[in-house]
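With PDB, N, CA and C atoms and all ligand atoms inside, this is model.pdb:
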```pdb
ATOM      1  N   MET J  68       8.480   9.869   9.220  1.00  0.00           N
ATOM      2  CA  MET J  68       7.313  10.519   8.604  1.00  0.00           C
ATOM      3  C   MET J  68       7.212  11.958   9.092  1.00  0.00           C
ATOM      4  N   PRO J  69       7.142  12.920   8.184  1.00  0.00           N
ATOM      5  CA  PRO J  69       7.069  14.331   8.610  1.00  0.00           C
ATOM      6  C   PRO J  69       5.698  14.664   9.190  1.00  0.00           C
ATOM      7  N   ILE J  70       5.665  15.726   9.986  1.00  0.00           N
ATOM      8  CA  ILE J  70       4.405  16.178  10.576  1.00  0.00           C
ATOM      9  C   ILE J  70       4.143  17.608  10.131  1.00  0.00           C
ATOM     10  N   TRP J  71       2.918  18.071  10.309  1.00  0.00           N
ATOM     11  CA  TRP J  71       2.550  19.402   9.886  1.00  0.00           C
ATOM     12  C   TRP J  71       2.007  20.211  11.052  1.00  0.00           C
ATOM     13  N   CYS J  72       2.290  21.508  11.029  1.00  0.00           N
ATOM     14  CA  CYS J  72       1.787  22.399  12.067  1.00  0.00           C
ATOM     15  C   CYS J  72       0.275  22.554  11.894  1.00  0.00           C
ATOM     16  N   PRO J  73      -0.496  22.329  12.960  1.00  0.00           N
ATOM     17  CA  PRO J  73      -1.959  22.446  12.842  1.00  0.00           C
ATOM     18  C   PRO J  73      -2.414  23.895  12.669  1.00  0.00           C
ATOM     19  N   ASN J  74      -1.521  24.833  12.926  1.00  0.00           N
ATOM     20  CA  ASN J  74      -1.891  26.254  12.845  1.00  0.00           C
ATOM     21  C   ASN J  74      -1.600  26.843  11.470  1.00  0.00           C
ATOM     22  N   CYS J  75      -0.368  26.651  10.960  1.00  0.00           N
ATOM     23  CA  CYS J  75       0.008  27.293   9.696  1.00  0.00           C
ATOM     24  C   CYS J  75       0.306  26.280   8.598  1.00  0.00           C
ATOM     25  N   GLY J  76       0.353  24.977   8.929  1.00  0.00           N
ATOM     26  CA  GLY J  76       0.551  23.955   7.912  1.00  0.00           C
ATOM     27  C   GLY J  76       1.986  23.743   7.499  1.00  0.00           C
ATOM     28  N   ALA J  77       2.933  24.334   8.236  1.00  0.00           N
ATOM     29  CA  ALA J  77       4.336  24.160   7.893  1.00  0.00           C
ATOM     30  C   ALA J  77       4.781  22.734   8.184  1.00  0.00           C
ATOM     31  N   MET J  78       5.666  22.202   7.328  1.00  0.00           N
ATOM     32  CA  MET J  78       6.176  20.868   7.570  1.00  0.00           C
ATOM     33  C   MET J  78       7.236  20.938   8.664  1.00  0.00           C
ATOM     34  N   LEU J  79       7.112  20.058   9.647  1.00  0.00           N
ATOM     35  CA  LEU J  79       8.005  20.094  10.795  1.00  0.00           C
ATOM     36  C   LEU J  79       8.727  18.765  10.929  1.00  0.00           C
ATOM     37  N   ALA J  80       9.908  18.835  11.544  1.00  0.00           N
ATOM     38  CA  ALA J  80      10.635  17.603  11.827  1.00  0.00           C
ATOM     39  C   ALA J  80       9.911  16.850  12.928  1.00  0.00           C
ATOM     40  N   GLU J  81      10.043  15.531  12.896  1.00  0.00           N
ATOM     41  CA  GLU J  81       9.362  14.702  13.895  1.00  0.00           C
ATOM     42  C   GLU J  81       9.864  15.053  15.292  1.00  0.00           C
ATOM     43  N   GLY J  82       8.959  15.181  16.235  1.00  0.00           N
ATOM     44  CA  GLY J  82       9.331  15.475  17.614  1.00  0.00           C
ATOM     45  C   GLY J  82       9.453  16.956  17.909  1.00  0.00           C
ATOM     46  N   THR J  83       9.089  17.828  16.940  1.00  0.00           N
ATOM     47  CA  THR J  83       9.170  19.271  17.165  1.00  0.00           C
ATOM     48  C   THR J  83       8.129  19.700  18.197  1.00  0.00           C
ATOM     49  N   ARG J  84       8.556  20.514  19.163  1.00  0.00           N
ATOM     50  CA  ARG J  84       7.644  20.942  20.228  1.00  0.00           C
ATOM     51  C   ARG J  84       6.977  22.274  19.895  1.00  0.00           C
ATOM     52  N   GLU J  85       7.653  23.071  19.068  1.00  0.00           N
ATOM     53  CA  GLU J  85       7.127  24.397  18.771  1.00  0.00           C
ATOM     54  C   GLU J  85       7.371  24.692  17.298  1.00  0.00           C
ATOM     55  N   CYS J  86       6.335  25.215  16.617  1.00  0.00           N
ATOM     56  CA  CYS J  86       6.464  25.509  15.196  1.00  0.00           C
ATOM     57  C   CYS J  86       7.432  26.668  14.990  1.00  0.00           C
ATOM     58  N   PRO J  87       8.488  26.489  14.158  1.00  0.00           N
ATOM     59  CA  PRO J  87       9.444  27.578  13.934  1.00  0.00           C
ATOM     60  C   PRO J  87       8.868  28.703  13.088  1.00  0.00           C
ATOM     61  N   ARG J  88       7.788  28.452  12.368  1.00  0.00           N
ATOM     62  CA  ARG J  88       7.228  29.490  11.494  1.00  0.00           C
ATOM     63  C   ARG J  88       6.260  30.398  12.248  1.00  0.00           C
ATOM     64  N   CYS J  89       5.279  29.798  12.956  1.00  0.00           N
ATOM     65  CA  CYS J  89       4.259  30.604  13.613  1.00  0.00           C
ATOM     66  C   CYS J  89       4.400  30.579  15.127  1.00  0.00           C
ATOM     67  N   GLY J  90       5.278  29.696  15.652  1.00  0.00           N
ATOM     68  CA  GLY J  90       5.512  29.669  17.096  1.00  0.00           C
ATOM     69  C   GLY J  90       4.446  28.951  17.884  1.00  0.00           C
ATOM     70  N   LYS J  91       3.579  28.210  17.217  1.00  0.00           N
ATOM     71  CA  LYS J  91       2.520  27.502  17.939  1.00  0.00           C
ATOM     72  C   LYS J  91       3.117  26.360  18.740  1.00  0.00           C
ATOM     73  N   LYS J  92       2.693  26.282  20.003  1.00  0.00           N
ATOM     74  CA  LYS J  92       3.131  25.176  20.853  1.00  0.00           C
ATOM     75  C   LYS J  92       2.372  23.921  20.434  1.00  0.00           C
ATOM     76  N   LEU J  93       3.132  22.852  20.218  1.00  0.00           N
ATOM     77  CA  LEU J  93       2.507  21.613  19.776  1.00  0.00           C
ATOM     78  C   LEU J  93       2.319  20.671  20.950  1.00  0.00           C
ATOM     79  N   ALA J  94       1.241  19.916  20.905  1.00  0.00           N
ATOM     80  CA  ALA J  94       0.930  18.968  21.975  1.00  0.00           C
ATOM     81  C   ALA J  94       1.867  17.770  21.897  1.00  0.00           C
ATOM     82  N   ALA J  95       1.549  16.738  22.629  1.00  0.00           N
ATOM     83  CA  ALA J  95       2.354  15.517  22.616  1.00  0.00           C
ATOM     84  C   ALA J  95       2.539  15.034  21.180  1.00  0.00           C
ATOM     85  N   SER J  96       3.715  14.471  20.897  1.00  0.00           N
ATOM     86  CA  SER J  96       4.056  14.088  19.525  1.00  0.00           C
ATOM     87  C   SER J  96       3.051  13.096  18.960  1.00  0.00           C
ATOM     88  N   ASP J  97       2.460  12.256  19.817  1.00  0.00           N
ATOM     89  CA  ASP J  97       1.469  11.280  19.346  1.00  0.00           C
ATOM     90  C   ASP J  97       0.270  12.013  18.741  1.00  0.00           C
ATOM     91  N   GLU J  98      -0.163  13.059  19.441  1.00  0.00           N
ATOM     92  CA  GLU J  98      -1.317  13.821  18.985  1.00  0.00           C
ATOM     93  C   GLU J  98      -1.012  14.499  17.646  1.00  0.00           C
ATOM     94  N   VAL J  99       0.203  15.020  17.521  1.00  0.00           N
ATOM     95  CA  VAL J  99       0.591  15.713  16.293  1.00  0.00           C
ATOM     96  C   VAL J  99       0.644  14.723  15.134  1.00  0.00           C
ATOM     97  N   GLU J 100       1.184  13.531  15.404  1.00  0.00           N
ATOM     98  CA  GLU J 100       1.265  12.525  14.353  1.00  0.00           C
ATOM     99  C   GLU J 100      -0.135  12.112  13.911  1.00  0.00           C
ATOM    100  N   GLU J 101      -1.050  12.032  14.884  1.00  0.00           N
ATOM    101  CA  GLU J 101      -2.423  11.677  14.567  1.00  0.00           C
ATOM    102  C   GLU J 101      -3.030  12.737  13.656  1.00  0.00           C
ATOM    103  N   PHE J 102      -2.729  14.008  13.956  1.00  0.00           N
ATOM    104  CA  PHE J 102      -3.233  15.096  13.118  1.00  0.00           C
ATOM    105  C   PHE J 102      -2.680  14.960  11.710  1.00  0.00           C
ATOM    106  N   GLY J 103      -1.386  14.601  11.588  1.00  0.00           N
ATOM    107  CA  GLY J 103      -0.769  14.471  10.277  1.00  0.00           C
ATOM    108  C   GLY J 103      -1.474  13.415   9.437  1.00  0.00           C
ATOM    109  N   ALA J 104      -1.824  12.287  10.094  1.00  0.00           N
ATOM    110  CA  ALA J 104      -2.519  11.222   9.381  1.00  0.00           C
ATOM    111  C   ALA J 104      -3.901  11.698   8.951  1.00  0.00           C
ATOM    112  N   THR J 105      -4.579  12.423   9.830  1.00  0.00           N
ATOM    113  CA  THR J 105      -5.906  12.938   9.503  1.00  0.00           C
ATOM    114  C   THR J 105      -5.819  13.917   8.341  1.00  0.00           C
ATOM    115  N   GLU J 106      -4.769  14.729   8.341  1.00  0.00           N
ATOM    116  CA  GLU J 106      -4.589  15.719   7.278  1.00  0.00           C
ATOM    117  C   GLU J 106      -4.388  15.027   5.934  1.00  0.00           C
ATOM    118  N   ILE J 107      -3.611  13.945   5.939  1.00  0.00           N
ATOM    119  CA  ILE J 107      -3.370  13.190   4.700  1.00  0.00           C
ATOM    120  C   ILE J 107      -4.683  12.597   4.196  1.00  0.00           C
ATOM    121  N   LEU J 108      -5.499  12.072   5.124  1.00  0.00           N
ATOM    122  CA  LEU J 108      -6.795  11.508   4.748  1.00  0.00           C
ATOM    123  C   LEU J 108      -7.688  12.588   4.150  1.00  0.00           C
ATOM    124  N   ARG J 109      -7.666  13.767   4.774  1.00  0.00           N
ATOM    125  CA  ARG J 109      -8.495  14.873   4.308  1.00  0.00           C
ATOM    126  C   ARG J 109      -8.059  15.306   2.906  1.00  0.00           C
ATOM    127  N   LEU J 110      -6.733  15.388   2.692  1.00  0.00           N
ATOM    128  CA  LEU J 110      -6.212  15.782   1.382  1.00  0.00           C
ATOM    129  C   LEU J 110      -6.545  14.720   0.336  1.00  0.00           C
ATOM    130  N   SER J 111      -6.469  13.441   0.734  1.00  0.00           N
ATOM    131  CA  SER J 111      -6.807  12.367  -0.197  1.00  0.00           C
ATOM    132  C   SER J 111      -8.274  12.462  -0.586  1.00  0.00           C
ATOM    133  N   PHE J 112      -9.128  12.815   0.391  1.00  0.00           N
ATOM    134  CA  PHE J 112     -10.553  12.938   0.110  1.00  0.00           C
ATOM    135  C   PHE J 112     -10.799  14.053  -0.908  1.00  0.00           C
ATOM    136  N   TYR J 113     -10.098  15.190  -0.728  1.00  0.00           N
ATOM    137  CA  TYR J 113     -10.273  16.307  -1.652  1.00  0.00           C
ATOM    138  C   TYR J 113      -9.749  15.954  -3.037  1.00  0.00           C
ATOM    139  N   ALA J 114      -8.599  15.268  -3.077  1.00  0.00           N
ATOM    140  CA  ALA J 114      -8.022  14.856  -4.357  1.00  0.00           C
ATOM    141  C   ALA J 114      -8.977  13.927  -5.098  1.00  0.00           C
ATOM    142  N   LEU J 115      -9.562  12.987  -4.344  1.00  0.00           N
ATOM    143  CA  LEU J 115     -10.514  12.042  -4.927  1.00  0.00           C
ATOM    144  C   LEU J 115     -11.724  12.789  -5.469  1.00  0.00           C
ATOM    145  N   LYS J 116     -12.206  13.762  -4.682  1.00  0.00           N
ATOM    146  CA  LYS J 116     -13.390  14.518  -5.061  1.00  0.00           C
ATOM    147  C   LYS J 116     -13.131  15.304  -6.348  1.00  0.00           C
ATOM    148  N   TYR J 117     -11.971  15.973  -6.405  1.00  0.00           N
ATOM    149  CA  TYR J 117     -11.691  16.813  -7.560  1.00  0.00           C
ATOM    150  C   TYR J 117     -11.211  16.007  -8.755  1.00  0.00           C
ATOM    151  N   LEU J 118     -10.841  14.735  -8.533  1.00  0.00           N
ATOM    152  CA  LEU J 118     -10.497  13.869  -9.661  1.00  0.00           C
ATOM    153  C   LEU J 118     -11.747  13.190 -10.202  1.00  0.00           C
ATOM    154  N   LEU J 119     -12.649  12.816  -9.268  1.00  0.00           N
ATOM    155  CA  LEU J 119     -13.856  12.093  -9.677  1.00  0.00           C
ATOM    156  C   LEU J 119     -14.834  13.000 -10.405  1.00  0.00           C
ATOM    157  N   LEU J 120     -14.932  14.252  -9.968  1.00  0.00           N
ATOM    158  CA  LEU J 120     -15.892  15.171 -10.578  1.00  0.00           C
ATOM    159  C   LEU J 120     -15.639  15.379 -12.071  1.00  0.00           C
ATOM    160  N   PRO J 121     -14.406  15.703 -12.519  1.00  0.00           N
ATOM    161  CA  PRO J 121     -14.174  15.855 -13.970  1.00  0.00           C
ATOM    162  C   PRO J 121     -14.378  14.559 -14.727  1.00  0.00           C
ATOM    163  N   VAL J 122     -13.974  13.429 -14.145  1.00  0.00           N
ATOM    164  CA  VAL J 122     -14.150  12.130 -14.800  1.00  0.00           C
ATOM    165  C   VAL J 122     -15.630  11.845 -15.006  1.00  0.00           C
ATOM    166  N   LEU J 123     -16.420  12.126 -13.960  1.00  0.00           N
ATOM    167  CA  LEU J 123     -17.868  11.920 -14.040  1.00  0.00           C
ATOM    168  C   LEU J 123     -18.462  12.819 -15.123  1.00  0.00           C
ATOM    169  N   LEU J 124     -17.969  14.055 -15.190  1.00  0.00           N
ATOM    170  CA  LEU J 124     -18.453  15.017 -16.177  1.00  0.00           C
ATOM    171  C   LEU J 124     -18.150  14.523 -17.593  1.00  0.00           C
ATOM    172  N   VAL J 125     -16.919  14.026 -17.801  1.00  0.00           N
ATOM    173  CA  VAL J 125     -16.512  13.516 -19.119  1.00  0.00           C
ATOM    174  C   VAL J 125     -17.381  12.330 -19.515  1.00  0.00           C
ATOM    175  N   VAL J 126     -17.652  11.446 -18.554  1.00  0.00           N
ATOM    176  CA  VAL J 126     -18.485  10.269 -18.825  1.00  0.00           C
ATOM    177  C   VAL J 126     -19.889  10.712 -19.222  1.00  0.00           C
ATOM    178  N   LEU J 127     -20.434  11.691 -18.496  1.00  0.00           N
ATOM    179  CA  LEU J 127     -21.777  12.178 -18.790  1.00  0.00           C
ATOM    180  C   LEU J 127     -21.838  12.820 -20.174  1.00  0.00           C
ATOM    181  N   VAL J 128     -20.824  13.644 -20.494  1.00  0.00           N
ATOM    182  CA  VAL J 128     -20.788  14.322 -21.792  1.00  0.00           C
ATOM    183  C   VAL J 128     -20.656  13.296 -22.911  1.00  0.00           C
ATOM    184  N   THR J 129     -19.790  12.276 -22.708  1.00  0.00           N
ATOM    185  CA  THR J 129     -19.611  11.220 -23.694  1.00  0.00           C
ATOM    186  C   THR J 129     -20.915  10.454 -23.909  1.00  0.00           C
ATOM    187  N   ALA J 130     -21.597  10.127 -22.805  1.00  0.00           N
ATOM    188  CA  ALA J 130     -22.876   9.427 -22.898  1.00  0.00           C
ATOM    189  C   ALA J 130     -23.891  10.289 -23.641  1.00  0.00           C
ATOM    190  N   GLY J 131     -23.897  11.593 -23.389  1.00  0.00           N
ATOM    191  CA  GLY J 131     -24.804  12.506 -24.075  1.00  0.00           C
ATOM    192  C   GLY J 131     -24.518  12.567 -25.554  1.00  0.00           C
ATOM    193  N   CYS J 132     -23.228  12.598 -25.930  1.00  0.00           N
ATOM    194  CA  CYS J 132     -22.826  12.631 -27.339  1.00  0.00           C
ATOM    195  C   CYS J 132     -23.279  11.354 -28.051  1.00  0.00           C
ATOM    196  N   TYR J 133     -23.111  10.211 -27.411  1.00  0.00           N
ATOM    197  CA  TYR J 133     -23.536   8.938 -28.002  1.00  0.00           C
ATOM    198  C   TYR J 133     -25.038   8.918 -28.203  1.00  0.00           C
ATOM    199  N   PHE J 134     -25.759   9.452 -27.199  1.00  0.00           N
ATOM    200  CA  PHE J 134     -27.213   9.477 -27.272  1.00  0.00           C
ATOM    201  C   PHE J 134     -27.665  10.319 -28.471  1.00  0.00           C
ATOM    202  N   VAL J 135     -27.055  11.518 -28.619  1.00  0.00           N
ATOM    203  CA  VAL J 135     -27.394  12.405 -29.727  1.00  0.00           C
ATOM    204  C   VAL J 135     -27.018  11.757 -31.070  1.00  0.00           C
ATOM    205  N   PHE J 136     -25.851  11.073 -31.097  1.00  0.00           N
ATOM    206  CA  PHE J 136     -25.345  10.461 -32.318  1.00  0.00           C
ATOM    207  C   PHE J 136     -26.262   9.335 -32.785  1.00  0.00           C
ATOM    208  N   PHE J 137     -26.719   8.496 -31.828  1.00  0.00           N
ATOM    209  CA  PHE J 137     -27.529   7.343 -32.191  1.00  0.00           C
ATOM    210  C   PHE J 137     -29.000   7.688 -32.345  1.00  0.00           C
ATOM    211  N   ALA J 138     -29.404   8.855 -31.841  1.00  0.00           N
ATOM    212  CA  ALA J 138     -30.810   9.257 -31.951  1.00  0.00           C
ATOM    213  C   ALA J 138     -31.145   9.705 -33.370  1.00  0.00           C
ATOM    214  N   ARG J 139     -30.082  10.101 -34.130  1.00  0.00           N
ATOM    215  CA  ARG J 139     -30.315  10.577 -35.484  1.00  0.00           C
ATOM    216  C   ARG J 139     -30.572   9.429 -36.436  1.00  0.00           C
TER     217      ARG J 139
HETATM  218 ZN    ZN S   1       2.979  26.854  12.465  1.00  0.00          ZN
END
```
How does this structure look as structure tokens?
Amino acid sequence: MPIWCPNCGAMLAEGTRECPRCGKKLAASDEVEEFGATEILRLSFYALKYLLLPVLLVVLVTAGCYFVFFAR
């Protein structure tokens, strides 16, 4: 499983001690892996948020259209 630099977000090989892009010293590999999992969770949360918002909007607009259609 790849890991990411907490400073610049570069993808790093597992067990990397220092980021080759920004030179940030990385802590113990366990800590870095934990950060990677947290980052994936955070990205999933954002993806869910930005996927749910348009879907909710479409549902609301559709419900509004039905309401207007049947009110006539
Ligand atoms: Zn970096």
Any chance you could list, as a CSV table (one decimal) with N, CA and C atoms, keeping the file's coordinate frame, the residues in chain J that come up strand (DSSP E or B) when DSSP is run on the backbone?
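The result, written out as states_0.csv:
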```csv
chain,number,residue,atom,x,y,z
J,70,ILE,N,5.7,15.7,10.0
J,70,ILE,CA,4.4,16.2,10.6
J,70,ILE,C,4.1,17.6,10.1
J,71,TRP,N,2.9,18.1,10.3
J,71,TRP,CA,2.6,19.4,9.9
J,71,TRP,C,2.0,20.2,11.1
J,78,MET,N,5.7,22.2,7.3
J,78,MET,CA,6.2,20.9,7.6
J,78,MET,C,7.2,20.9,8.7
J,79,LEU,N,7.1,20.1,9.6
J,79,LEU,CA,8.0,20.1,10.8
J,79,LEU,C,8.7,18.8,10.9
J,85,GLU,N,7.7,23.1,19.1
J,85,GLU,CA,7.1,24.4,18.8
J,85,GLU,C,7.4,24.7,17.3
J,92,LYS,N,2.7,26.3,20.0
J,92,LYS,CA,3.1,25.2,20.9
J,92,LYS,C,2.4,23.9,20.4
```
Which residue is closest to ligand ZN 1 (chain S)? Choose from J:Gly131, J:Gly82, J:Pro69, J:Gly90 and count all atoms listed in the file. J:Gly90
Expand the PyMOL selection byres (((chain J and resi 72-77 and name CA) around 12) and not hetatm and name CA) into the explicit residue set it covers here, and present it as a PDB file with N, CA and C atoms, in the coordinates of the input.
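So the final result, stored in result-v6.pdb, reads:
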```
ATOM      1  N   PRO J  69       7.142  12.920   8.184  1.00  0.00           N
ATOM      2  CA  PRO J  69       7.069  14.331   8.610  1.00  0.00           C
ATOM      3  C   PRO J  69       5.698  14.664   9.190  1.00  0.00           C
ATOM      4  N   ILE J  70       5.665  15.726   9.986  1.00  0.00           N
ATOM      5  CA  ILE J  70       4.405  16.178  10.576  1.00  0.00           C
ATOM      6  C   ILE J  70       4.143  17.608  10.131  1.00  0.00           C
ATOM      7  N   TRP J  71       2.918  18.071  10.309  1.00  0.00           N
ATOM      8  CA  TRP J  71       2.550  19.402   9.886  1.00  0.00           C
ATOM      9  C   TRP J  71       2.007  20.211  11.052  1.00  0.00           C
ATOM     10  N   MET J  78       5.666  22.202   7.328  1.00  0.00           N
ATOM     11  CA  MET J  78       6.176  20.868   7.570  1.00  0.00           C
ATOM     12  C   MET J  78       7.236  20.938   8.664  1.00  0.00           C
ATOM     13  N   LEU J  79       7.112  20.058   9.647  1.00  0.00           N
ATOM     14  CA  LEU J  79       8.005  20.094  10.795  1.00  0.00           C
ATOM     15  C   LEU J  79       8.727  18.765  10.929  1.00  0.00           C
ATOM     16  N   ALA J  80       9.908  18.835  11.544  1.00  0.00           N
ATOM     17  CA  ALA J  80      10.635  17.603  11.827  1.00  0.00           C
ATOM     18  C   ALA J  80       9.911  16.850  12.928  1.00  0.00           C
ATOM     19  N   GLU J  81      10.043  15.531  12.896  1.00  0.00           N
ATOM     20  CA  GLU J  81       9.362  14.702  13.895  1.00  0.00           C
ATOM     21  C   GLU J  81       9.864  15.053  15.292  1.00  0.00           C
ATOM     22  N   GLY J  82       8.959  15.181  16.235  1.00  0.00           N
ATOM     23  CA  GLY J  82       9.331  15.475  17.614  1.00  0.00           C
ATOM     24  C   GLY J  82       9.453  16.956  17.909  1.00  0.00           C
ATOM     25  N   THR J  83       9.089  17.828  16.940  1.00  0.00           N
ATOM     26  CA  THR J  83       9.170  19.271  17.165  1.00  0.00           C
ATOM     27  C   THR J  83       8.129  19.700  18.197  1.00  0.00           C
ATOM     28  N   ARG J  84       8.556  20.514  19.163  1.00  0.00           N
ATOM     29  CA  ARG J  84       7.644  20.942  20.228  1.00  0.00           C
ATOM     30  C   ARG J  84       6.977  22.274  19.895  1.00  0.00           C
ATOM     31  N   GLU J  85       7.653  23.071  19.068  1.00  0.00           N
ATOM     32  CA  GLU J  85       7.127  24.397  18.771  1.00  0.00           C
ATOM     33  C   GLU J  85       7.371  24.692  17.298  1.00  0.00           C
ATOM     34  N   CYS J  86       6.335  25.215  16.617  1.00  0.00           N
ATOM     35  CA  CYS J  86       6.464  25.509  15.196  1.00  0.00           C
ATOM     36  C   CYS J  86       7.432  26.668  14.990  1.00  0.00           C
ATOM     37  N   PRO J  87       8.488  26.489  14.158  1.00  0.00           N
ATOM     38  CA  PRO J  87       9.444  27.578  13.934  1.00  0.00           C
ATOM     39  C   PRO J  87       8.868  28.703  13.088  1.00  0.00           C
ATOM     40  N   ARG J  88       7.788  28.452  12.368  1.00  0.00           N
ATOM     41  CA  ARG J  88       7.228  29.490  11.494  1.00  0.00           C
ATOM     42  C   ARG J  88       6.260  30.398  12.248  1.00  0.00           C
ATOM     43  N   CYS J  89       5.279  29.798  12.956  1.00  0.00           N
ATOM     44  CA  CYS J  89       4.259  30.604  13.613  1.00  0.00           C
ATOM     45  C   CYS J  89       4.400  30.579  15.127  1.00  0.00           C
ATOM     46  N   GLY J  90       5.278  29.696  15.652  1.00  0.00           N
ATOM     47  CA  GLY J  90       5.512  29.669  17.096  1.00  0.00           C
ATOM     48  C   GLY J  90       4.446  28.951  17.884  1.00  0.00           C
ATOM     49  N   LYS J  91       3.579  28.210  17.217  1.00  0.00           N
ATOM     50  CA  LYS J  91       2.520  27.502  17.939  1.00  0.00           C
ATOM     51  C   LYS J  91       3.117  26.360  18.740  1.00  0.00           C
ATOM     52  N   LYS J  92       2.693  26.282  20.003  1.00  0.00           N
ATOM     53  CA  LYS J  92       3.131  25.176  20.853  1.00  0.00           C
ATOM     54  C   LYS J  92       2.372  23.921  20.434  1.00  0.00           C
ATOM     55  N   LEU J  93       3.132  22.852  20.218  1.00  0.00           N
ATOM     56  CA  LEU J  93       2.507  21.613  19.776  1.00  0.00           C
ATOM     57  C   LEU J  93       2.319  20.671  20.950  1.00  0.00           C
ATOM     58  N   ALA J  94       1.241  19.916  20.905  1.00  0.00           N
ATOM     59  CA  ALA J  94       0.930  18.968  21.975  1.00  0.00           C
ATOM     60  C   ALA J  94       1.867  17.770  21.897  1.00  0.00           C
ATOM     61  N   SER J  96       3.715  14.471  20.897  1.00  0.00           N
ATOM     62  CA  SER J  96       4.056  14.088  19.525  1.00  0.00           C
ATOM     63  C   SER J  96       3.051  13.096  18.960  1.00  0.00           C
ATOM     64  N   GLU J  98      -0.163  13.059  19.441  1.00  0.00           N
ATOM     65  CA  GLU J  98      -1.317  13.821  18.985  1.00  0.00           C
ATOM     66  C   GLU J  98      -1.012  14.499  17.646  1.00  0.00           C
ATOM     67  N   VAL J  99       0.203  15.020  17.521  1.00  0.00           N
ATOM     68  CA  VAL J  99       0.591  15.713  16.293  1.00  0.00           C
ATOM     69  C   VAL J  99       0.644  14.723  15.134  1.00  0.00           C
ATOM     70  N   GLU J 100       1.184  13.531  15.404  1.00  0.00           N
ATOM     71  CA  GLU J 100       1.265  12.525  14.353  1.00  0.00           C
ATOM     72  C   GLU J 100      -0.135  12.112  13.911  1.00  0.00           C
ATOM     73  N   GLU J 101      -1.050  12.032  14.884  1.00  0.00           N
ATOM     74  CA  GLU J 101      -2.423  11.677  14.567  1.00  0.00           C
ATOM     75  C   GLU J 101      -3.030  12.737  13.656  1.00  0.00           C
ATOM     76  N   PHE J 102      -2.729  14.008  13.956  1.00  0.00           N
ATOM     77  CA  PHE J 102      -3.233  15.096  13.118  1.00  0.00           C
ATOM     78  C   PHE J 102      -2.680  14.960  11.710  1.00  0.00           C
ATOM     79  N   GLY J 103      -1.386  14.601  11.588  1.00  0.00           N
ATOM     80  CA  GLY J 103      -0.769  14.471  10.277  1.00  0.00           C
ATOM     81  C   GLY J 103      -1.474  13.415   9.437  1.00  0.00           C
ATOM     82  N   ALA J 104      -1.824  12.287  10.094  1.00  0.00           N
ATOM     83  CA  ALA J 104      -2.519  11.222   9.381  1.00  0.00           C
ATOM     84  C   ALA J 104      -3.901  11.698   8.951  1.00  0.00           C
ATOM     85  N   THR J 105      -4.579  12.423   9.830  1.00  0.00           N
ATOM     86  CA  THR J 105      -5.906  12.938   9.503  1.00  0.00           C
ATOM     87  C   THR J 105      -5.819  13.917   8.341  1.00  0.00           C
ATOM     88  N   GLU J 106      -4.769  14.729   8.341  1.00  0.00           N
ATOM     89  CA  GLU J 106      -4.589  15.719   7.278  1.00  0.00           C
ATOM     90  C   GLU J 106      -4.388  15.027   5.934  1.00  0.00           C
ATOM     91  N   ILE J 107      -3.611  13.945   5.939  1.00  0.00           N
ATOM     92  CA  ILE J 107      -3.370  13.190   4.700  1.00  0.00           C
ATOM     93  C   ILE J 107      -4.683  12.597   4.196  1.00  0.00           C
TER      94      ILE J 107
END
```
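With atom N of Met68 (chain J) on one side and atom N of Ala114 (chain J) on the other, the separation reads 21.7 Å.
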Would you mind reading off the distance between atom ZN of ligand ZN 1 (chain S) and CA of Lys116 (chain J), one decimal, in Å?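 Those two atoms sit 27.0 Å apart.
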